[in-house]
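Working notes for the structure below.
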Amino acid sequence: MNWQLVTFYILGLVILYAAYRVVTSAVITHAALWLAVALVGVAGIYLQLQAEFLAIIQVLIYVGAIVTIIIFAIMLSPLREIKTEEKDRRGGATRMGRAVASVEWGLAPVAAGLLFALGMTWAYSRQAWPVGSVPPGLITEPLGKSLMTTYLLPFEVASVLLLVAMVGAIVLAIRGQK
Amino acid sequence: MAQYAWVIPALPLLSWLIITLWQKRLPDRGSYVGISFTFLAFVYALGVLWEVAHGAGAHVVLPWAVIGTISPIQINIGFQVDGLTAIMLSVVTFISFLVQLYSLGYMHGDKRYGRYYGTLSFFTFSMLGLVLADNLITLFIFFELVGVASYLLIGHYFERPSAQKAAIKAFITTRIGDVGFFIGILILWSATGTVAFDKLAALIGEGAVAPWVITLGALGILGGAVGKSAQFPLHVWLPDAMEGPTPVSALIHAATMVAAGVYLVARSYMIFYASPQALFWVALIGAVTALFAATIATVQTDMKKVLAYSTISQLGYMILGLGVGNLTAGMFHLTTHAFFKALLFLTAGSVIHGTETQEMHQMGGLIKKMPITGVTFLAGGLALAGIWPFAGFYSKDEILLTAYNSQYPIFFWMGILAAFLTAYYTTRVAFLVFFGEPRDHHRYEHAHESPWMMTVPLVILGILAVIGGKLLLTGEFFPHLILWQPAEELSPNPLVMGLALGSGLLGILVGYLVYGTKLVNRQAVIKALYPLYQLFKHKWYVDELYDWAIVRPVLWLAEAAGWVDAHGVDGVVNAVGAAGVALSSGAGAFDLAVVDGAVNGVAAGTVAVGRATRRTETGQLQAYLLTLALVVVAGLIVFQVMGG
Amino acid sequence: MVSLHGYLVLAAFLFGLGLYGALARTNAIRILMAIELMLNAVNINLVAFAQYLTPGLVTGAVFAVFVITVAAAEAAVGLAIVLLVARQRGVIEVDKINLMKW
């Protein structure tokens with residue numbers, strides 16, 4: 001038994017179950033908490049891939065920031081139905097949405113994910129991917145160097161993007177207050 | 001301190017930015033910002049002057065732009081501080097400070113008060129940058145910026161058509177000279193590969209530059225000086241520039257900017273000095289201008305116009321001083337002239353402020369109403385007339401002395417004649433404005449002395465007009481500061497001094513006889529000298545000449561071109577048009593039948609397709625998203641099956 | 001040993017779940033969460049490919065960093081818009097918001 005493989009399977013199952021609950025749970029606050037679980041699982045996958053830096057920022061940004069603001073948004077929303085909804089709905093109200101998810105409520109997402117995954121697996125199987133393992137060595141140092149040299153411009157643009165997003169979010173929120 | 005001389009122009013630049021950006025929030029529209037920053041610059045400039053007088057200096061060069069890669073041309077930007085620069089820095093900041101202080105009273109309540117102070121700061125910055133420039137290109141840039149500031153300030157009252165015209169005239173006329181200046185720069189640059197003053201001086205000193213290059217370059221630069229310093233024949237803009245506010249006339253059109261041309265010649269003096277022909281032209285233009293403008297000044301009735309022509313005449317003196325080979329004298333006259341001419345303009349402003357007219361025939365006897373203004377005007381006037389021991393005497397005497405000893409004594413006699421006329425018209429102004437009986441009693445009753453912020457600069461400048469000349473010569477201060485090496489020491493000549501002083505006194509006497517007493521009948525004099533009077537009154541018909549020789553032909557050419565356009569070109573165009581109409585009526589029939597049919601068919605088809613496809617546009621976000629996902633999946637499948 | 005395939009298949013499943021959520025659920029906040037899931041699946045793909053196919057190069061990881069950045073920006077602005085719409089129109093279901101149709 002290979003411990004790496006075992007860890008991978010456990011992580012994969014946790015991620016997929018949590019993601020399933022994200023899209024299906026009736027109470028949206030629960031969905032947000034399950035999202036946090038799924039994102040921590042993805043951080044574990046990054047660790048397995050020797051991308052420790054990404055694992056850390058995954059936890060910091062996704063779990064620490066994004067999930068937090070989602071929960072804040074739910075809590076601060078004036079609408080009651082934002083918190084508990086979709087109990088009586090089965091997979092969406094659009095005609096096309098219903099057509100896609102006409103299967104039983106709980107099975108539809110699994111079926112969709114499975115269909116997509118199978119298609120992709122079929123596509124991947126046509127390629128000769130290397131089977132070997134991830135090269136050892138930490139990623140933080142080369143990542144930091146390339147962010148500060150080769151990818152400096154995109155890096156700075158990304159910082160501007162964040163600034164703009166922050167300003168935009170504040171402006172929208174303030175306008176909504178009026 | 002001299003090493004950081006760039007601080008001096010940086011201060012007014014900063015104040016310009018502050019005033020321009022926040023004038024509405026600053027107390028009194030930011031005027032105090034301009035005044036205090038200029039005062040700081042003045043204090044710093046005095047420090048630099050003190051250091052330079054004790055032998056310090058600075059020359060800082062920074063690479064600015066590099067053109068080309070194979071044999072790159074590097075353009076430097078930099079500043080140099082020597083005696084010439086230090087004097088100009090102090091004079092410019094000093095006059096600018098006093099004028100801004102004066103403007104507090106004079107411009108009070110003006111609706112573009114903030115803009116006025118901002119532009120004054122901008123002008124001060126440009127002028128200081130010009131003074132500090134260490135190469136021709138940098139100097140040229142600031143030369144133009146000064147012109148822009150002048151344009152803005154002449155056009156300060158731009159509601160008045162005359163002010164608009166004057167601003168445009170000043171801008172365009174100086175531009176003609178600047179073209180010459182730029183050509184001169186290009187000639188020197190292409191021949192020597194450098195525009196820096198020190199390198200040019202070294203190359204010319206080695207004899208590495210062909211004489212004709214030096215002469216042509218010098219004449220080009222002289223063109224710039226003629227335009228900016230309002231020398232004959234490009235003097236026409238300066239009298240019109242009196243449309244600007246009077247403090248502006250004092251600062252820009254008397255003391256500093258018009259001196260930029262003189263400064264330009266002084267700064268590039270090594271080029272002029274190496275070419276006797278160029279120097280001859282400099283002296284000729286100076287002497288002609290000095291005499292010519294003085295004659296016009298004798299018959300003007302507008303107080304500011306008299307001073308404007310007087311300024312042109314005195315600038316001619318400076319140019320003459322440079323032309324006969326005495327840099328020190330020219331610059332000395334520039335400095336003393338800055339004091340007393342700024343003073344005269346400011347007193348004129350004070351008079352205009354008190355009487356609300358510029359016509360001297362509506363004034364008279366004002367010294368009783370405006371004692372400070374009157375006394376300071378007399379001090380400035382005596383300095384202008386060159387009477388010992390006032391400031392103008394020393395500088396004018398130096399210039400005339402050099403002219404007397406030069407190859408061309410005719411310039412000396414022209415200078416003496418101009419000095420006589422100068423004294424005459426100054427006396428005339430004094431008697432018309434300040435003495436005699438009030439001619440307009442209504443205005444006389446309402447005349448009043450100006451507030452303290454206007455009289456304080458008058459008093460300061462008045463004191464300088466009296467003692468400035470002697471003060472700067474104390475311990476040979478000025479000659480040591482600005483010393484042109486080859487100029488030999490000239491011993492004072494009693495004959496020259498006597499003639500200069502005598503002509504001035506004679507001028508005052510004649511002026512007194514004509515305007516102070518009733519001994520001479522003025523109408524009889526005018527009648528006797530009628531052709532001359534007409535000639536002077538019409539400013540030697542220069543404006544008319546330009547109108548006849550340049551403006552009319554250009555208009556005529558335009559009209560001729562218009563006629564050709566109307567008859568020749570339009571005929572062709574109309575013929576083409578008629579042919580087009582004929583062709584298009586034929587095409588129209590085809591159009592109706594075939595093209596319209598096709599177009600209508602396409603339209604109908606589009607409507608049908610639109611009707612069919614509008615069902616897909618549900619406005620539902622998720623429907624669009626689903627379509628997107630399906631298309632991507634389909635693309636993946638196609639890619640896998642077709643490509644692999 | 002985990003092969004590249006393992007990661008790719010995991011990512012495909014995760015993406016599929018996210019896609020379903022984005023398509024079939026109507027609560028706008030849940031759609032945003034589903035989009036985050038899809039972005040994570042993409043990130044797993046990017047990192048896995050980078051580590052297996054170009055060992056020593058970090059381009060894929062750099063890309064993942066930018067994706068996370070953009071995701072953060074998108075979440076902030078998206079939630080602000082959702083809250084604004086919820087306040088002004090009183091609905092959070094995207095199928096009731098059909099302003100895009102005119």
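Labels for the structure tokens follow display order: chains A, B, ..., residues from 1 in each chain, ligands from 1.
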Show me which bits of chain B are within 8 Å of chain A, counting only C-alpha atoms, as a PDB file with N, CA and C atoms, in the first residue's frame.
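Saved result, part37.pdb, follows:
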```
ATOM      1  N   GLN B 620     -31.669  35.106 -19.550  1.00  0.00           N
ATOM      2  CA  GLN B 620     -31.297  34.286 -18.403  1.00  0.00           C
ATOM      3  C   GLN B 620     -29.803  34.018 -18.438  1.00  0.00           C
ATOM      4  N   GLN B 622     -28.026  31.949 -16.843  1.00  0.00           N
ATOM      5  CA  GLN B 622     -27.583  30.560 -16.863  1.00  0.00           C
ATOM      6  C   GLN B 622     -27.769  29.917 -18.222  1.00  0.00           C
ATOM      7  N   ALA B 623     -28.762  30.420 -18.957  1.00  0.00           N
ATOM      8  CA  ALA B 623     -28.937  29.884 -20.308  1.00  0.00           C
ATOM      9  C   ALA B 623     -27.706  30.192 -21.152  1.00  0.00           C
ATOM     10  N   GLN B 640     -10.696  16.580 -30.230  1.00  0.00           N
ATOM     11  CA  GLN B 640     -10.195  15.244 -29.966  1.00  0.00           C
ATOM     12  C   GLN B 640     -10.363  14.348 -31.176  1.00  0.00           C
ATOM     13  N   GLY B 644      -6.509  15.323 -32.224  1.00  0.00           N
ATOM     14  CA  GLY B 644      -5.782  14.393 -31.364  1.00  0.00           C
ATOM     15  C   GLY B 644      -4.561  15.075 -30.891  1.00  0.00           C
TER      16      GLY B 644
END
```
At a cut-off of 12 Å, using only C-alpha atoms, what residues contact Pro154 of chain A? Leave out same-chain residues fewer than 2 positions from it and give the result as a ChimeraX atom specification. /A:146-152,156-161 /C:62-63,65-67,69-70
Please provide as a PyMOL selection string all residues within 9 Å of segment 50-61 of chain C, with the sequence filter that same-chain residues fewer than 5 positions apart are discarded (counting only C-alpha atoms). (chain A and resi 49-51+54+129-135+137+139+142-143+146) or (chain C and resi 3-4+43+45+66)
At a cut-off of 9 Å, using only C-alpha atoms, what residues contact segment 2-14 of chain A? Leave out same-chain residues fewer than 6 positions from it and give the result as a ChimeraX atom specification. /A:37-38,41-42,44-45,48 /C:1-2,6-7,10
Near chain A, meaning an atom within 7 Å, which residues of chain C appear when counting only C-alpha atoms? Write them as a count of residues only. 39
Please provide as an mmCIF file with N, CA and C atoms, in the first residue's frame all residues within 9 Å of Leu334 of chain B, with the sequence filter that same-chain residues fewer than 2 positions apart are discarded (counting only C-alpha atoms).
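Saved as result.cif:
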```cif
data_model
loop_
_atom_site.group_PDB
_atom_site.id
_atom_site.type_symbol
_atom_site.label_atom_id
_atom_site.label_comp_id
_atom_site.auth_asym_id
_atom_site.auth_seq_id
_atom_site.Cartn_x
_atom_site.Cartn_y
_atom_site.Cartn_z
ATOM 1 N N ALA B 255 11.616 95.447 -17.261
ATOM 2 C CA ALA B 255 12.781 95.099 -16.460
ATOM 3 C C ALA B 255 13.399 93.768 -16.840
ATOM 4 N N THR B 256 12.587 92.743 -17.075
ATOM 5 C CA THR B 256 13.206 91.414 -17.168
ATOM 6 C C THR B 256 13.101 90.775 -18.542
ATOM 7 N N ALA B 259 14.758 92.202 -21.369
ATOM 8 C CA ALA B 259 16.200 92.138 -21.188
ATOM 9 C C ALA B 259 16.753 90.765 -21.557
ATOM 10 N N VAL B 262 18.968 90.923 -24.511
ATOM 11 C CA VAL B 262 20.287 91.450 -24.172
ATOM 12 C C VAL B 262 21.098 90.379 -23.456
ATOM 13 N N TYR B 263 20.428 89.689 -22.538
ATOM 14 C CA TYR B 263 21.112 88.634 -21.795
ATOM 15 C C TYR B 263 21.581 87.538 -22.746
ATOM 16 N N GLN B 314 16.180 102.392 -24.407
ATOM 17 C CA GLN B 314 17.221 101.994 -23.439
ATOM 18 C C GLN B 314 17.757 100.605 -23.743
ATOM 19 N N LEU B 315 16.886 99.710 -24.226
ATOM 20 C CA LEU B 315 17.376 98.392 -24.640
ATOM 21 C C LEU B 315 18.353 98.553 -25.785
ATOM 22 N N MET B 318 21.644 99.212 -24.380
ATOM 23 C CA MET B 318 22.324 98.007 -23.882
ATOM 24 C C MET B 318 22.949 97.245 -25.037
ATOM 25 N N ALA B 329 29.440 97.036 -19.462
ATOM 26 C CA ALA B 329 28.602 98.227 -19.509
ATOM 27 C C ALA B 329 27.171 97.871 -19.886
ATOM 28 N N GLY B 330 27.022 96.990 -20.887
ATOM 29 C CA GLY B 330 25.683 96.593 -21.311
ATOM 30 C C GLY B 330 24.902 95.976 -20.170
ATOM 31 N N MET B 331 25.534 95.052 -19.474
ATOM 32 C CA MET B 331 24.844 94.387 -18.381
ATOM 33 C C MET B 331 24.603 95.339 -17.218
ATOM 34 N N PHE B 332 25.528 96.282 -17.031
ATOM 35 C CA PHE B 332 25.358 97.262 -15.964
ATOM 36 C C PHE B 332 24.133 98.120 -16.242
ATOM 37 N N THR B 336 20.736 98.604 -13.888
ATOM 38 C CA THR B 336 20.213 99.881 -13.391
ATOM 39 C C THR B 336 18.886 100.203 -14.076
ATOM 40 N N HIS B 337 18.803 99.882 -15.370
ATOM 41 C CA HIS B 337 17.554 100.129 -16.092
ATOM 42 C C HIS B 337 16.420 99.331 -15.489
ATOM 43 N N ALA B 338 16.713 98.084 -15.073
ATOM 44 C CA ALA B 338 15.671 97.276 -14.439
ATOM 45 C C ALA B 338 15.112 98.006 -13.235
ATOM 46 N N PHE B 339 15.968 98.643 -12.458
ATOM 47 C CA PHE B 339 15.481 99.355 -11.273
ATOM 48 C C PHE B 339 14.634 100.549 -11.677
ATOM 49 N N SER B 395 25.824 103.920 -15.843
ATOM 50 C CA SER B 395 25.796 102.880 -16.864
ATOM 51 C C SER B 395 25.814 103.496 -18.259
#
```
Using only C-alpha atoms, which of B:Gln407, B:Ala560, B:Thr402, B:Tyr541 sits nearest Met497 of chain B?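 The closest residue to Met497 of chain B is B:Thr402.
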Contacts of Ile460 of chain B at 12 Å or less, counting only C-alpha atoms, minus same-chain residues fewer than 4 places along, as a list in words? Phe94, Ile95, Phe97, Leu98, Val99, Leu101, Tyr102, Phe339, Phe340, Ala342, Leu343, Leu346, Ile372, Thr373, Thr376, Ala379, Gly380, Trp452, Met453, Met454, Thr455, Val456, Leu464, Ala465, Val466, Ile467 and Gly468 of chain B
Looking only at the backbone, which of the residues in segment 167-349 of chain B does DSSP tag as helix (DSSP H, G or I), as a ChimeraX atom specification? /B:167-192,197-206,211-228,237-243,246-255,259-267,269-273,276-297,303-323,327-349
